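> Okay, here's the structure, questions in a sec.
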Amino acid sequence: MSRWIEPVTLGGEHVKLVPLTLDHEAALAAAAADGELWKLWYTSVPAPAATRGYIDAAVDMRERLGAHPFAVIDPKTGDVVGSTRYFNVDETNRRLEIGHIWYAKRVQRTALNTEAKLLLLGHAFEKLNAIAVEFRTHFMNHQSCTAIARLGAKQDDILRNHQVGRDGAYRDTVVFSIIESEWPAVRTHLKYQLDR
């Protein structure tokens with residue numbers, strides 16, 4: 001059966017995105033350990049011991065819901081430095097979300113992240129013919145809200161009491177999107193950021 005989002009590898013000068021598999025387990029655990037990212041209460045980064053379950057859930061989301069999880073690789077070192085995915089896939093309406101984004105501390109706020117977004121958005125709009133791409137984050141994750149807005153995404157709304165966190169606290173989710181007509185300007189902006 002053909003899916004809207006087939007497995008794909010995306011790559012550039014600063015990042016390579018490959019389909020996430022269990023072969024990435026140890027490397028992904030090491031990436032999460034760089035900065036002890038699982039301790040950030042407003043994220044869903046797996047603790048090293050929980051990496052297998054994280055990958056299993058991502059692959060299950062792929063099989064059942066048409067998502068596409070990626071391992072994020074630094075091409076200069078070959079190291080796995082994080083993860084991201086297409087999910088909340090709505091093939092009928094040609095919409096998807098880019099999320100579950102996290103990077104080892106050493107590559108945060110680098111060209112790797114900018115190029116990853118350029119590749120993911122480019123594939124979504126130019127190959128999948130998406131009409132809208134969403135980004136969502138925890139209301140308290142101010143760093144992520146700022147980074148998403150810096151991409152050129154516009155804030156749509158805040159979903160209050162949207163999810164129950166792993167600690168039982170309710171999560172307010174900030175929803176951003178980029179629509180098809182905005183993609184050319186966003187693409188130009190991201191390329192400009194990379195060139196700088």
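We name chains A, B, ... following the order of the structure tokens; residues begin at 1 in each chain, and ligands are numbered from 1 as shown.
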Using DSSP assignments from the backbone, pull out every residue in segment 14-99 of chain A that falls under strand (DSSP E) and give it to me as a PyMOL selection string.
chain A and resi 16-19+68-74+79-90+95-99
> For the alpha helix (DSSP H) assignment from backbone DSSP, which residues of chain A qualify? Please present them as a PyMOL selection string.
chain A and resi 25-33+51-65+111-122+142-151+183-195
> Record the distance separating atom CA of Tyr54 of chain A and atom CA of Thr92 of chain A, expressed in Å with one decimal.
27.6 Å
> Report the distance between atom CA of Asn129 of chain A and atom CA of Ile148 of chain A in Å, rounded to one decimal place.
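Interatomic distance, atom CA of Asn129 of chain A to atom CA of Ile148 of chain A: 21.1 Å.
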> Residues near Thr146 of chain A, anyone? I mean within 12 Å using only C-alpha atoms, not counting same-chain ones fewer than 6 positions away, as a ChimeraX atom specification.
/A:109,135-140,152-155,174,176
> With only C-alpha atoms as the basis for distance, which of A:Ala124, A:Leu118, A:Ala32, A:Met61 is at the shortest distance from Ala49 of chain A?
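Between A:Ala124, A:Leu118, A:Ala32, A:Met61, the residue approaching Ala49 of chain A most closely is A:Ala32.
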> Could you name the residues that touch Glu115 of chain A at 10 Å or less, counting only C-alpha atoms, but leaving out those on the same chain fewer than 4 positions away, as a list in words?
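Those residues are Gly11, Gly12, Glu13, His14, Val15, Lys16, Thr110, Ala111, Leu119, Leu120, Leu121, Leu190, Lys191, Gln193 and Leu194 of chain A.
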> List the neighbours of Ile55 of chain A out to 8 Å using only C-alpha atoms; skip same-chain residues closer than 6 positions along the sequence, and give me the result as a compact mmCIF listing (two decimals) with N, CA and C atoms, in the first residue's frame.

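Listing of selection31.txt after writing:
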# COMPACT_ATOMS: atom_id res chain seq x y z
N LEU A 20 14.39 6.66 11.25
CA LEU A 20 14.77 6.19 12.58
C LEU A 20 14.49 4.70 12.70
N THR A 21 15.47 3.95 13.20
CA THR A 21 15.30 2.51 13.45
C THR A 21 15.93 2.16 14.80
N LEU A 22 15.73 0.91 15.21
CA LEU A 22 16.35 0.45 16.45
C LEU A 22 17.87 0.44 16.37
N GLU A 25 19.52 3.15 18.51
CA GLU A 25 19.21 3.21 19.95
C GLU A 25 20.36 3.75 20.79
> Counting only C-alpha atoms, which residue out of A:Ile5, A:Ala147, A:Ala27, A:Ala47 sits closest to Arg95 of chain A?
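Closest residue, counting only C-alpha atoms: A:Ile5.
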> Can you work out which one of A:Tyr103, A:Thr51, A:Leu17, A:Trp4 has the shortest atom-to-atom distance to Leu65 of chain A, counting only C-alpha atoms?
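Looking at the shortest contact to Leu65 of chain A, the residue is A:Trp4.
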> Measuring between only C-alpha atoms, which one of A:Thr43, A:Asn93, A:Thr84, A:Ser181 shows the shortest distance to Ser144 of chain A?
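Between A:Thr43, A:Asn93, A:Thr84, A:Ser181, the residue approaching Ser144 of chain A most closely is A:Thr43.
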> Please list as a PyMOL selection string every residue within 8 Å of Arg85 of chain A, counting only C-alpha atoms and excluding residues in the same chain fewer than 5 positions away.
chain A and resi 67-70+98-101
> Could you list, as a PyMOL selection string, every residue within 12 Å of Pro48 of chain A, counting only C-alpha atoms and ignoring same-chain residues fewer than 6 positions away?
chain A and resi 25-39+54-55
